[in-house]
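Printed here is input.txt (compact mmCIF, C-alpha atoms):
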# COMPACT_ATOMS: atom_id res chain seq x y z
CA MET A 1380 64.48 89.58 118.80
CA ALA A 1381 66.33 88.62 121.99
CA PRO A 1382 69.47 90.69 122.55
CA LEU A 1383 72.65 89.02 121.34
CA ASP A 1384 75.62 88.76 123.64
CA ASN A 1385 78.96 90.31 122.70
CA ASP A 1386 80.35 87.01 121.42
CA GLN A 1387 77.50 86.58 118.98
CA ILE A 1388 77.68 90.17 117.78
CA VAL A 1389 81.42 89.96 117.18
CA LYS A 1390 81.03 86.63 115.35
CA HIS A 1391 78.41 88.15 113.04
CA LEU A 1392 80.59 91.19 112.39
CA ARG A 1393 83.63 89.06 111.63
CA CYS A 1394 81.85 86.91 109.09
CA GLY A 1395 80.13 89.91 107.48
CA ASP A 1396 76.64 88.95 108.64
CA PRO A 1397 74.49 92.15 108.73
CA ARG A 1398 72.82 90.86 111.90
CA GLY A 1399 75.91 92.11 113.72
CA VAL A 1400 75.22 95.64 112.48
CA GLU A 1401 71.56 95.26 113.37
CA ALA A 1402 72.45 94.19 116.91
CA LEU A 1403 74.79 97.16 117.37
CA LEU A 1404 72.11 99.61 116.32
CA THR A 1405 69.27 97.93 118.20
CA GLN A 1406 71.05 97.14 121.44
CA PHE A 1407 73.44 100.06 121.81
CA GLY A 1408 71.70 102.62 119.58
CA PRO A 1409 69.03 103.95 121.97
CA LEU A 1410 71.39 104.66 124.86
CA ALA A 1411 74.04 106.07 122.52
CA THR A 1412 71.45 108.35 120.93
CA THR A 1413 70.32 109.57 124.35
CA GLN A 1414 73.82 110.22 125.63
CA LEU A 1415 75.08 111.81 122.46
CA SER A 1416 72.09 114.09 122.06
CA LYS A 1417 72.67 115.29 125.64
CA ARG A 1418 76.43 115.66 125.12
CA PHE A 1419 76.11 117.67 121.90
CA GLY A 1420 72.78 119.36 122.71
CA LEU A 1421 71.03 117.94 119.63
CA GLU A 1422 67.40 117.19 118.94
CA GLU A 1423 66.30 113.56 118.82
CA GLY A 1424 65.64 113.55 115.06
CA ASP A 1425 68.88 115.31 114.10
CA HIS A 1426 70.26 113.69 110.95
CA ALA A 1427 73.86 113.98 112.13
CA LEU A 1428 72.93 112.09 115.28
CA GLN A 1429 71.30 109.31 113.30
CA ASP A 1430 74.09 109.19 110.73
CA CYS A 1431 76.85 108.88 113.31
CA LEU A 1432 75.30 105.68 114.64
CA SER A 1433 75.13 104.25 111.11
CA ASP A 1434 78.75 105.32 110.55
CA ALA A 1435 79.86 103.63 113.75
CA ALA A 1436 78.06 100.38 112.89
CA LEU A 1437 79.51 100.36 109.37
CA ALA A 1438 82.99 101.15 110.67
CA MET A 1439 82.78 98.16 113.02
CA ASN A 1440 81.57 96.05 110.09
CA GLN A 1441 84.90 96.61 108.28
CA PRO A 1442 86.86 93.32 108.40
CA GLU A 1443 90.03 94.92 109.76
CA VAL A 1444 88.06 96.47 112.64
CA ALA A 1445 85.81 93.47 113.25
CA ASP A 1446 88.82 91.16 113.48
CA ARG A 1447 90.30 93.26 116.26
CA LEU A 1448 87.16 93.54 118.39
CA ASP A 1449 87.40 91.85 121.76
CA ALA A 1450 84.09 90.33 122.80
CA ASN A 1451 85.18 90.30 126.45
CA ARG A 1452 85.50 94.08 126.53
CA ASN A 1453 82.88 96.80 126.45
CA LEU A 1454 81.64 96.44 122.88
CA GLY A 1455 78.82 98.95 123.36
CA GLY A 1456 81.33 101.41 124.78
CA TYR A 1457 83.47 101.04 121.68
CA PHE A 1458 80.38 101.61 119.51
CA TYR A 1459 79.54 104.72 121.53
CA ARG A 1460 83.04 106.11 121.23
CA THR A 1461 83.15 105.47 117.48
CA ALA A 1462 79.79 107.20 117.08
CA PHE A 1463 81.00 110.04 119.28
CA TYR A 1464 83.98 110.81 117.05
CA SER A 1465 81.86 110.59 113.93
CA LEU A 1466 79.30 113.00 115.40
CA ASN A 1467 82.02 115.33 116.64
CA ARG A 1468 83.29 115.65 113.09
CA ALA A 1469 79.82 116.13 111.67
CA VAL A 1470 79.05 118.87 114.16
CA LYS A 1471 82.36 120.58 113.46
CA LEU A 1472 81.79 120.44 109.72
CA ARG A 1473 78.34 121.87 110.20
CA ASN A 1474 79.81 124.71 112.24
CA GLY A 1475 82.52 125.37 109.66
CA GLN A 1476 85.36 124.22 111.92
CA PRO A 1477 88.42 122.33 110.60
CA VAL A 1478 88.29 118.56 110.83
CA PRO A 1479 91.22 116.10 110.94
CA LEU A 1480 91.32 113.72 108.00
CA GLU A 1481 92.08 110.41 109.74
CA THR A 1482 89.55 107.72 109.04
CA ASP A 1483 89.72 105.54 112.15
CA HIS A 1484 87.35 107.50 114.33
CA ALA A 1485 87.92 105.43 117.43
CA GLU A 1486 91.68 105.74 117.48
CA ILE A 1487 92.45 109.29 116.48
CA ALA A 1488 93.51 111.79 119.07
CA ASP A 1489 90.80 114.37 118.84
CA ASP A 1490 90.31 117.63 120.62
CA ALA A 1491 86.98 116.47 122.02
CA ASN A 1492 86.63 113.51 124.31
CA PRO A 1493 83.61 111.47 125.24
CA ASP A 1494 83.49 112.52 128.89
CA ARG A 1495 81.89 109.30 129.92
CA VAL A 1496 81.50 106.13 127.89
CA PRO A 1497 78.58 103.93 129.00
CA THR A 1498 79.77 100.88 130.90
CA ALA A 1499 78.88 97.37 129.81
CA PHE A 1500 76.49 97.12 132.77
CA GLU A 1501 74.71 100.35 131.87
CA LEU A 1502 74.31 99.16 128.29
CA ALA A 1503 72.94 95.87 129.58
CA VAL A 1504 70.51 97.80 131.80
CA SER A 1505 69.32 99.83 128.82
CA ASN A 1506 68.57 96.56 127.03
CA PHE A 1507 66.93 95.20 130.16
CA VAL A 1508 64.67 98.26 130.31
CA ARG A 1509 63.67 97.76 126.68
CA GLU A 1510 63.24 93.99 126.81
CA GLU A 1511 62.07 93.18 130.34
CA LEU A 1512 60.00 96.11 131.54
CA THR A 1513 56.39 96.73 130.60
CA PRO A 1514 55.62 99.81 128.47
CA ARG A 1515 54.21 101.59 131.54
CA GLU A 1516 57.33 100.83 133.57
CA GLN A 1517 59.44 102.11 130.68
CA GLU A 1518 57.39 105.30 130.56
CA LEU A 1519 57.98 105.87 134.25
CA LEU A 1520 61.71 105.38 133.97
CA ARG A 1521 61.86 107.69 130.96
CA ALA A 1522 59.98 110.33 132.89
CA GLU A 1523 62.32 109.92 135.83
CA ALA A 1524 65.38 110.13 133.59
CA GLU A 1525 64.06 113.21 131.77
CA ALA A 1526 63.72 114.94 135.14
CA ASN A 1527 67.16 113.71 136.11
CA CYS A 1528 65.56 111.78 139.03
CA GLU A 1529 65.03 115.02 140.90
CA GLU A 1530 61.23 115.24 140.92
CA THR A 1531 58.73 114.01 143.48
CA ALA A 1532 56.35 111.13 142.74
CA GLU A 1533 53.50 113.59 142.03
CA GLN A 1534 55.59 115.57 139.56
CA VAL A 1535 56.73 112.40 137.83
CA ALA A 1536 53.12 111.17 137.68
CA ARG A 1537 52.12 114.37 135.88
CA ARG A 1538 55.02 114.03 133.46
CA MET A 1539 54.05 110.50 132.39
CA PRO A 1540 52.08 110.15 129.12
CA ASN A 1541 48.31 110.32 129.75
CA GLY A 1542 49.06 111.34 133.35
CA SER A 1543 49.09 109.14 136.42
CA THR A 1544 49.00 109.22 140.22
CA LYS A 1545 51.71 109.07 142.83
CA GLU A 1546 50.35 105.69 144.00
CA VAL A 1547 50.85 104.26 140.54
CA VAL A 1548 54.36 105.75 140.48
CA TYR A 1549 55.16 104.08 143.82
CA GLN A 1550 53.73 100.79 142.57
CA LEU A 1551 55.78 100.94 139.39
CA ARG A 1552 58.91 101.87 141.33
CA HIS A 1553 58.45 98.83 143.58
CA ARG A 1554 58.11 96.52 140.61
CA ILE A 1555 61.06 98.00 138.79
CA LYS A 1556 63.24 97.76 141.89
CA GLY A 1557 62.35 94.06 142.23
CA LYS A 1558 63.10 93.32 138.59
CA MET A 1559 66.26 95.38 138.70
CA GLU A 1560 67.51 93.49 141.74
CA ARG A 1561 67.01 90.14 140.00
CA PHE A 1562 68.68 91.46 136.87
CA ARG A 1563 71.67 92.69 138.86
CA ALA A 1564 72.00 89.33 140.63
CA ASP A 1565 71.85 87.51 137.27
CA TRP A 1566 74.42 89.87 135.81
CA ASN A 1567 76.80 89.38 138.72
CA LYS A 1568 76.42 85.60 138.52
CA ARG A 1569 76.99 85.58 134.77
CA ASN A 1570 80.02 87.82 135.06
CA ALA A 1571 81.49 85.73 137.86
CA ARG A 1572 81.05 82.63 135.68
CA SER A 1573 82.63 84.23 132.61
CA LEU A 1574 85.48 85.53 134.73
CA ALA A 1575 86.06 82.02 136.09
CA THR A 1576 85.96 80.56 132.56
CA ALA A 1577 88.37 83.22 131.32
CA SER A 1578 90.79 82.53 134.15
CA GLN A 1579 90.55 78.76 133.54
CA GLU A 1580 91.29 79.30 129.86
CA GLY A 1581 94.18 81.50 130.88
CA GLU A 1582 95.59 78.80 133.13
CA GLN A 1583 95.26 76.17 130.40
CA MET B 527 56.53 91.52 156.28
CA THR B 528 56.13 92.47 152.63
CA GLU B 529 55.91 96.17 151.92
CA PRO B 530 52.55 97.21 150.37
CA GLU B 531 52.90 97.98 146.69
CA HIS B 532 51.60 101.53 147.03
CA ALA B 533 53.87 102.43 149.94
CA PRO B 534 55.95 105.50 149.15
CA VAL B 535 59.34 104.57 147.85
CA GLU B 536 62.22 106.65 146.54
CA TRP B 537 65.14 105.72 144.37
CA THR B 538 68.45 105.24 146.13
CA ASP B 539 71.37 107.37 144.95
CA GLU B 540 72.84 104.38 143.17
CA GLU B 541 69.58 103.73 141.35
CA LYS B 542 69.28 107.38 140.40
CA ALA B 543 72.78 107.32 138.91
CA LEU B 544 71.94 104.17 136.98
CA ILE B 545 68.68 105.62 135.65
CA ARG B 546 70.47 108.77 134.53
CA ALA B 547 73.22 106.79 132.83
CA ALA B 548 71.37 103.81 131.43
CA VAL B 549 67.78 104.72 130.62
CA PRO B 550 67.33 105.87 127.04
CA THR B 551 65.02 108.86 126.91
CA VAL B 552 64.87 109.05 123.14
CA ALA B 553 64.21 106.34 120.61
CA GLY B 554 67.14 104.68 118.88
CA PRO B 555 67.43 104.27 115.13
CA SER B 556 64.13 103.39 113.46
CA SER B 557 63.63 99.94 112.02
CA ALA B 558 63.63 101.40 108.49
CA ARG B 559 66.97 103.00 109.16
CA ILE B 560 68.38 99.81 110.64
CA ALA B 561 67.26 97.88 107.57
CA ALA B 562 68.91 100.46 105.30
CA VAL B 563 72.18 100.27 107.25
CA MET B 564 72.09 96.46 107.11
CA LYS B 565 71.81 96.66 103.33
CA LEU B 566 74.74 99.06 103.24
CA ALA B 567 76.76 96.73 105.46
CA GLN B 568 76.06 93.83 103.11
CA LYS B 569 77.11 95.92 100.10
CA GLN B 570 80.24 97.03 101.93
CA ARG B 571 81.23 93.42 102.58
CA ASP B 572 80.37 92.33 99.05
CA ALA B 573 82.55 95.11 97.65
CA ILE B 574 85.46 94.10 99.89
CA GLU B 575 85.13 90.45 98.93
CA THR B 576 84.92 91.26 95.23
CA THR B 577 88.12 93.27 95.32
CA THR B 578 90.09 90.94 97.59
CA ARG B 579 88.82 87.50 96.57
CA SER B 580 91.45 85.47 94.75
CA PRO B 581 90.42 84.35 91.29
CA GLN B 582 88.98 80.85 91.14
CA ILE B 583 91.24 78.67 88.97
CA GLY B 584 90.15 75.19 88.02
CA ILE B 585 92.29 72.11 88.60
CA PHE B 586 93.06 71.63 84.87
CA PRO B 587 94.58 75.09 84.25
CA ARG B 588 96.50 74.67 87.50
CA MET B 589 97.95 71.36 86.31
CA VAL B 590 98.88 72.90 82.96
CA ALA B 591 100.57 75.79 84.73
CA MET B 592 102.41 73.37 87.02
CA LEU B 593 103.64 71.27 84.08
CA ALA B 594 104.74 74.40 82.21
CA LEU B 595 106.65 75.50 85.29
CA MET B 596 108.34 72.12 85.62
CA ALA B 597 109.27 72.18 81.91
CA MET B 598 110.73 75.64 82.35
CA LEU B 599 112.75 74.49 85.34
CA ALA B 600 114.02 71.46 83.47
CA GLY B 601 114.89 73.61 80.44
CA GLY B 602 116.68 76.10 82.68
CA GLY B 603 118.63 73.30 84.34
CA TYR B 604 119.67 71.88 81.00
CA TRP B 605 120.67 75.32 79.77
CA ILE B 606 122.85 75.92 82.83
CA TRP B 607 124.39 72.40 82.61
CA ASN B 608 125.01 72.81 78.89
CA GLY B 609 126.48 76.26 79.37
CA TYR B 610 128.80 74.96 82.07
CA TYR B 611 130.28 72.35 79.78
CA GLN B 612 130.41 74.76 76.88
CA ASP B 613 132.52 76.97 79.07
CA GLU B 614 135.00 74.14 79.60
CA LEU B 615 138.26 75.36 78.08
CA SER B 616 141.40 73.65 76.95
CA PHE B 617 144.62 74.73 78.60
CA GLY B 618 145.76 76.31 75.35
CA ASP B 619 142.49 78.26 74.95
CA ALA B 620 142.83 79.58 78.48
CA LEU B 621 146.38 80.73 77.79
CA ASP B 622 145.26 82.40 74.57
CA ALA B 623 142.48 84.16 76.44
CA LEU B 624 144.95 85.53 78.95
CA GLN B 625 147.35 86.59 76.23
CA ALA B 626 144.66 88.53 74.41
CA HIS B 627 143.10 89.77 77.64
CA ALA B 628 142.47 93.24 76.28
CA ASN B 629 139.86 91.86 73.86
CA ARG B 630 138.21 89.50 76.30
CA GLU B 631 135.25 90.03 78.55
CA GLN B 632 135.82 89.98 82.30
CA ARG B 633 133.84 86.75 82.61
CA GLU B 634 136.04 84.97 80.03
CA LEU B 635 139.15 86.21 81.76
CA GLN B 636 138.02 84.94 85.14
CA LEU B 637 137.14 81.61 83.60
CA ALA B 638 140.59 81.33 82.01
CA LEU B 639 142.40 82.30 85.19
CA GLY B 640 140.40 79.79 87.23
CA HIS B 641 141.03 77.09 84.65
CA ILE B 642 144.82 77.55 84.65
CA HIS B 643 144.86 77.93 88.42
CA SER B 644 143.19 74.58 89.02
CA ASN B 645 145.06 72.76 86.24
CA VAL B 646 148.50 73.87 87.43
CA SER B 647 147.63 73.08 91.07
CA ASP B 648 146.15 69.67 90.33
CA THR B 649 148.94 68.64 87.96
CA THR B 650 151.66 69.74 90.39
CA LYS B 651 150.01 67.81 93.22
CA LEU B 652 149.72 64.78 90.98
CA LEU B 653 153.38 64.99 90.02
CA ASN B 654 154.27 65.21 93.68
CA SER B 655 152.07 62.32 94.67
CA ARG B 656 153.66 60.14 92.01
CA ASP B 657 157.16 61.23 93.13
CA LEU B 658 157.99 62.39 89.64
CA LEU B 659 159.37 65.76 90.69
CA THR B 660 163.11 65.87 91.22
CA ASP B 661 164.73 68.70 93.17
CA PRO B 662 165.94 70.56 90.05
CA MET B 663 162.42 70.36 88.59
CA ARG B 664 160.96 71.68 91.82
CA ALA B 665 163.56 74.45 91.86
CA SER B 666 162.73 75.49 88.31
CA LEU B 667 159.03 75.66 89.19
CA ARG B 668 159.85 77.72 92.29
CA ASP B 669 161.91 80.08 90.13
CA ALA B 670 158.98 80.49 87.78
CA LEU B 671 156.80 81.37 90.74
CA THR B 672 159.14 83.64 92.69
CA SER B 673 161.25 85.44 90.09
CA ALA B 674 160.99 89.20 90.20
CA ALA B 675 159.54 89.30 86.72
CA PRO B 676 157.55 86.50 85.10
CA LEU B 677 159.85 84.09 83.26
CA GLU B 678 158.76 83.79 79.68
CA GLN B 679 157.81 80.29 78.56
CA ASP B 680 156.08 79.20 75.36
CA TYR B 681 153.34 76.66 75.12
CA GLU B 682 153.04 74.41 72.14
CA GLY B 683 150.00 72.36 73.07
CA GLY B 684 149.37 68.88 74.37
CA PHE B 685 148.62 69.66 77.98
CA GLU B 686 145.44 67.52 78.12
CA ALA B 687 147.23 64.50 76.59
CA ALA B 688 150.14 64.91 78.99
CA THR B 689 147.89 65.07 82.07
CA ALA B 690 145.99 62.03 80.79
CA ALA B 691 149.31 60.18 80.65
CA LEU B 692 150.02 61.34 84.16
CA LEU B 693 146.80 59.71 85.32
CA ASP B 694 147.91 56.46 83.76
CA PRO B 695 149.72 54.39 86.38
CA THR B 696 152.38 53.26 83.92
CA PRO B 697 155.86 54.78 84.51
CA MET B 698 156.40 58.16 82.89
CA ALA B 699 159.59 59.15 81.05
CA THR B 700 161.59 62.01 82.57
CA GLU B 701 161.44 63.77 79.23
CA ASP B 702 157.63 63.75 79.34
CA VAL B 703 157.72 65.07 82.88
CA LEU B 704 159.99 67.90 81.80
CA THR B 705 157.65 68.71 78.93
CA LEU B 706 154.75 68.83 81.34
CA ILE B 707 156.69 71.09 83.66
CA SER B 708 157.43 73.45 80.80
CA MET B 709 153.69 73.58 80.13
CA LEU B 710 153.07 74.40 83.78
CA LYS B 711 155.67 77.13 83.61
CA ALA B 712 153.93 78.50 80.52
CA GLY B 713 150.75 78.68 82.55
CA ILE B 714 152.55 80.34 85.44
CA TYR B 715 154.15 82.85 83.12
CA ARG B 716 150.89 83.78 81.45
CA VAL B 717 149.03 84.26 84.73
CA ARG B 718 151.82 86.33 86.29
CA GLN B 719 152.10 88.37 83.13
CA VAL B 720 148.42 89.23 83.23
CA ALA B 721 148.89 90.59 86.75
CA VAL B 722 151.70 92.81 85.45
CA GLU B 723 149.55 94.12 82.62
CA ARG B 724 146.35 94.40 84.66
CA PRO B 725 147.16 95.60 88.16
CA GLU B 726 143.58 95.03 89.38
CA LEU B 727 144.31 91.29 89.17
CA GLU B 728 147.51 91.51 91.21
CA ASN B 729 146.02 90.39 94.51
CA TYR B 730 144.19 87.52 92.93
CA VAL B 731 147.34 86.30 91.20
CA LYS B 732 149.39 86.66 94.41
CA ASN B 733 146.97 84.29 96.14
CA VAL B 734 147.12 81.87 93.24
CA VAL B 735 150.93 81.87 93.38
CA VAL B 736 150.81 81.06 97.10
CA TRP B 737 148.57 78.08 96.35
CA TRP B 738 150.92 76.89 93.62
CA ARG B 739 153.97 77.20 95.88
CA ARG B 740 152.27 75.01 98.43
CA ALA B 741 151.54 72.44 95.70
CA VAL B 742 155.16 72.54 94.52
CA ASP B 743 156.53 72.15 98.05
CA GLY B 744 154.19 69.22 98.56

The structure given in the file should be rewritten as structure tokens.
Amino acid sequence: MAPLDNDQIVKHLRCGDPRGVEALLTQFGPLATTQLSKRFGLEEGDHALQDCLSDAALAMNQPEVADRLDANRNLGGYFYRTAFYSLNRAVKLRNGQPVPLETDHAEIADDANPDRVPTAFELAVSNFVREELTPREQELLRAEAEANCEETAEQVARRMPNGSTKEVVYQLRHRIKGKMERFRADWNKRNARSLATASQEGEQ
Amino acid sequence: MTEPEHAPVEWTDEEKALIRAAVPTVAGPSSARIAAVMKLAQKQRDAIETTTRSPQIGIFPRMVAMLALMAMLAGGGYWIWNGYYQDELSFGDALDALQAHANREQRELQLALGHIHSNVSDTTKLLNSRDLLTDPMRASLRDALTSAAPLEQDYEGGFEAATAALLDPTPMATEDVLTLISMLKAGIYRVRQVAVERPELENYVKNVVVWWRRAVDG
């Protein structure tokens, strides 16, 4: 399924179409899972980690929340933050710490803060990686990210599933760079256009 | 010249930052989990709609309800209109109500006071407009209004007939005018007397007396 843009996701959420929830989990779920597991030091299959994403999607499916969502803002960021608060509570409960009783996870003042919410561009890149790159290119990027981009080509090649060579790593890097450049140009163009449309609407 | 594909290449700092921030290293929710959450989302919305949806009422029950409402409004209107005219007092009844004020409800008392107030004012104005008031008559009315204590005056009935005669353009005998004035004075006496017996009405009566004086002075 092609990724939906923010407008489409918000429309689905507002009219109670579960495709909105599906899009939140599919498009923003993988990056949110990665970032949250790093932030809270959790394993990939941790139930709390999985549940917090479901909680966030269901919270955004509530009519009073869905009606207030702004499609022009960072929807994925909002999803991440909502999931963050939900996970923060779950982790606290698990550790026997007190938990505030407010229900709107995204708006409460909590003692923990998401240090860094993914930007709309980063979320778009995560979708680009999933949708536009070949499985081998994805494997390379994952290996690079796991090593925090601090390893040499040989080390990365060894880290890749089934192993590889530094030449293949260089080749994949070249391809990814090319695709990434085109994606960035498209993104900039699209954003410039939507900014122009927004300002025209504002003037009208 | 195009760079060969196998040429060594490193990520720029910007690219490294983007890879660290934007490349998922773990899988997102499984498709089974997504399907389960979608079902939950649907249930959540269904539950909200069930509890908040307004009941569907057909056109026929709505029309019946509308007609019933209109009938109730009409009935209420008639009841108020009917009640208003039932409350219409004769001058004598109003005087009796004031005389026996201790046994009357506040609403009845107010009605009686208002009735005498308007009747005395209107009749005095009418007398003035028909030039039927002579100076001694005016003076006697003023006395009734300004004396230190209310001047006692009996009422023997016939106020409505007398005012009806006043509305008739035919000339009116002085004797009839005097009778009418004595009726007005009876009204004045009774109203002023109530204020003496019920001090909470004093201010109201003072205002009424001012109005009457203006009517007498023309």

Pairwise distance for atom CA of B:Val720 and atom CA of B:Asn654, rounded to one decimal in Å: 26.8 Å

Distance filter 7 Å, all atoms listed in the file, chain A against chain B, as a ChimeraX atom specification: /A:1395,1397,1400-1401,1404,1408-1410,1412-1413,1423,1429,1433,1437,1440,1501-1502,1504-1505,1520-1521,1524-1525,1527-1528,1546,1549-1550,1553

Box along x, y and z, 6 Å on every side, all listed atoms of stretch 1555-1573 of chain A inside: centre and edge lengths in Å to one decimal, as AutoDock Vina command-line options.
--center_x 71.8 --center_y 90.3 --center_z 137.4 --size_x 33.6 --size_y 27.4 --size_z 21.6

Distance query 8 Å from (149.8, 82.5, 80.4) using only C-alpha atoms, result as a list in words: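 The residues near that point, listed by chain and number, are Ala620, Leu621, Asp622, Leu624, Gln625, Ala712, Gly713, Ile714, Tyr715, Arg716, Val717, Arg718, Gln719 and Val720 of chain B.
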
Which residues are near stretch 696-703 of chain B? Cut-off 10 Å, all atoms listed in the file, ignore same chain within fewer than 3 positions. Put them as a PDB file with C-alpha atoms, in the frame of the given file.
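Contents of selection.pdb, as written:
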ATOM      1  CA  LEU B 653     153.380  64.990  90.020  1.00  0.00           C
ATOM      2  CA  ARG B 656     153.660  60.140  92.010  1.00  0.00           C
ATOM      3  CA  LEU B 658     157.990  62.390  89.640  1.00  0.00           C
ATOM      4  CA  LEU B 659     159.370  65.760  90.690  1.00  0.00           C
ATOM      5  CA  THR B 660     163.110  65.870  91.220  1.00  0.00           C
ATOM      6  CA  MET B 663     162.420  70.360  88.590  1.00  0.00           C
ATOM      7  CA  ALA B 688     150.140  64.910  78.990  1.00  0.00           C
ATOM      8  CA  THR B 689     147.890  65.070  82.070  1.00  0.00           C
ATOM      9  CA  ALA B 691     149.310  60.180  80.650  1.00  0.00           C
ATOM     10  CA  LEU B 692     150.020  61.340  84.160  1.00  0.00           C
ATOM     11  CA  LEU B 693     146.800  59.710  85.320  1.00  0.00           C
ATOM     12  CA  LEU B 706     154.750  68.830  81.340  1.00  0.00           C
ATOM     13  CA  ILE B 707     156.690  71.090  83.660  1.00  0.00           C
ATOM     14  CA  SER B 708     157.430  73.450  80.800  1.00  0.00           C
ATOM     15  CA  MET B 709     153.690  73.580  80.130  1.00  0.00           C
TER      16      MET B 709
END

Reconstruct stretch 1502-1514 of chain A at the level of N, CA and C atoms, and format the result as a compact mmCIF listing (two decimals), keeping the file's coordinate frame.
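Okay, rebuild.txt is ready:
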# COMPACT_ATOMS: atom_id res chain seq x y z
N LEU A 1502 74.87 99.54 129.60
CA LEU A 1502 74.31 99.16 128.29
C LEU A 1502 73.39 97.95 128.45
N ALA A 1503 73.79 97.05 129.34
CA ALA A 1503 72.94 95.87 129.58
C ALA A 1503 71.64 96.32 130.24
N VAL A 1504 71.72 97.30 131.15
CA VAL A 1504 70.51 97.80 131.80
C VAL A 1504 69.59 98.45 130.77
N SER A 1505 70.18 99.18 129.83
CA SER A 1505 69.32 99.83 128.82
C SER A 1505 68.58 98.78 128.00
N ASN A 1506 69.25 97.65 127.75
CA ASN A 1506 68.57 96.56 127.03
C ASN A 1506 67.52 95.91 127.92
N PHE A 1507 67.87 95.79 129.21
CA PHE A 1507 66.93 95.20 130.16
C PHE A 1507 65.66 96.04 130.22
N VAL A 1508 65.82 97.36 130.25
CA VAL A 1508 64.67 98.26 130.31
C VAL A 1508 63.78 98.03 129.09
N ARG A 1509 64.43 97.91 127.93
CA ARG A 1509 63.67 97.76 126.68
C ARG A 1509 63.01 96.39 126.57
N GLU A 1510 63.71 95.37 127.04
CA GLU A 1510 63.24 93.99 126.81
C GLU A 1510 62.37 93.46 127.95
N GLU A 1511 62.69 93.85 129.19
CA GLU A 1511 62.07 93.18 130.34
C GLU A 1511 60.97 94.00 131.02
N LEU A 1512 61.00 95.29 130.84
CA LEU A 1512 60.00 96.11 131.54
C LEU A 1512 58.75 96.29 130.67
N THR A 1513 57.64 96.47 131.35
CA THR A 1513 56.39 96.73 130.60
C THR A 1513 56.44 98.15 130.05
N PRO A 1514 55.60 98.44 129.04
CA PRO A 1514 55.62 99.81 128.47
C PRO A 1514 55.38 100.88 129.54
